[in-house]
Amino acid sequence: MDGALVSVLLRKQDTRRNAWALTSRQEIHPDDFERTGELLAWLASKAGDSHRGPDGSVNLGWTRFYEGGQPELLVVRDGAVIWPS
């Protein structure tokens with residue numbers, strides 16, 4: 001994917017849960033949403049039960065379109081990204 005990319009992957013100090021934290025910023029073109037959605041769905045499939053909502057959804061962070069003022073929640077549910085409208 002083209003565009004600016006910055007990422008940091010950190011292992012939490014509490015290794016009993018073997019937890020990691022990923023922070024990323026990626027500028028993507030709408031034509032790449034399908035490929036990005038595949039990556040996000042894969043990441044959500046690795047989330048533990050404590051990170052899943054009652055409906056099985058996983059909140060992965062936020063997305064904000066270039067002209068948008070407010071970020072919107074980025075959610076994966078049933079293996080698919082729920083893109084903001």
# chains A, B, ... in the order shown; residues from 1 in each chain; ligands from 1

$ residues_around --residues "Thr36 in chain A" --least-positions-apart "5" --cutoff "10 Å" --atoms "only C-alpha atoms" --output "ChimeraX atom specification"
/A:1,26,28-31,41-42,81

$ write_last_selection --atoms "C-alpha atoms" --output "short mmCIF file (atom, residue, chain, number, x, y, z; two decimals), in the first residue's frame"
data_model
loop_
_atom_site.label_atom_id
_atom_site.label_comp_id
_atom_site.auth_asym_id
_atom_site.auth_seq_id
_atom_site.Cartn_x
_atom_site.Cartn_y
_atom_site.Cartn_z
CA MET A 1 0.00 0.00 0.00
CA GLN A 26 -1.44 4.59 7.23
CA ILE A 28 -4.78 4.69 2.16
CA HIS A 29 -6.74 5.37 -0.97
CA PRO A 30 -10.36 4.15 -1.03
CA ASP A 31 -9.37 1.77 -3.85
CA ALA A 41 -9.97 -8.70 9.76
CA TRP A 42 -6.87 -10.87 10.21
CA VAL A 81 -14.60 -4.13 8.63
#

$ select_by_dssp --residues "chain A" --states "strand (DSSP E)" --output "ChimeraX atom specification"
/A:5-11,20-26,58-63,72-77,80-82

$ residues_around --residues "Val58 in chain A" --least-positions-apart "2" --cutoff "6 Å" --atoms "only C-alpha atoms" --output "list in words"
Arg52, Val75 and Val76 of chain A

$ select_by_dssp --residues "chain A" --states "alpha helix (DSSP H)" --output "PyMOL selection string"
chain A and resi 33-45

$ closest_residue --among "A:Leu73, A:Leu9, A:Ala19, A:Leu60" --to "Leu40 in chain A" --atoms "only C-alpha atoms"
A:Leu60

$ closest_residue --among "A:Arg77, A:Lys46, A:Arg35, A:Arg25" --to "Thr63 in chain A" --atoms "only C-alpha atoms"
A:Arg25

$ atom_distance --atom1 "CA of Ser45 in chain A" --atom2 "CA of Trp83 in chain A"
17.1 Å

$ atom_distance --atom1 "CA of Asp32 in chain A" --atom2 "CA of Gln70 in chain A"
21.5 Å

$ atom_distance --atom1 "CA of Ser85 in chain A" --atom2 "CA of Ser50 in chain A"
27.5 Å

$ closest_residue --among "A:Glu67, A:Asn18, A:Thr23, A:Glu34" --to "Gly48 in chain A" --atoms "only C-alpha atoms"
A:Asn18
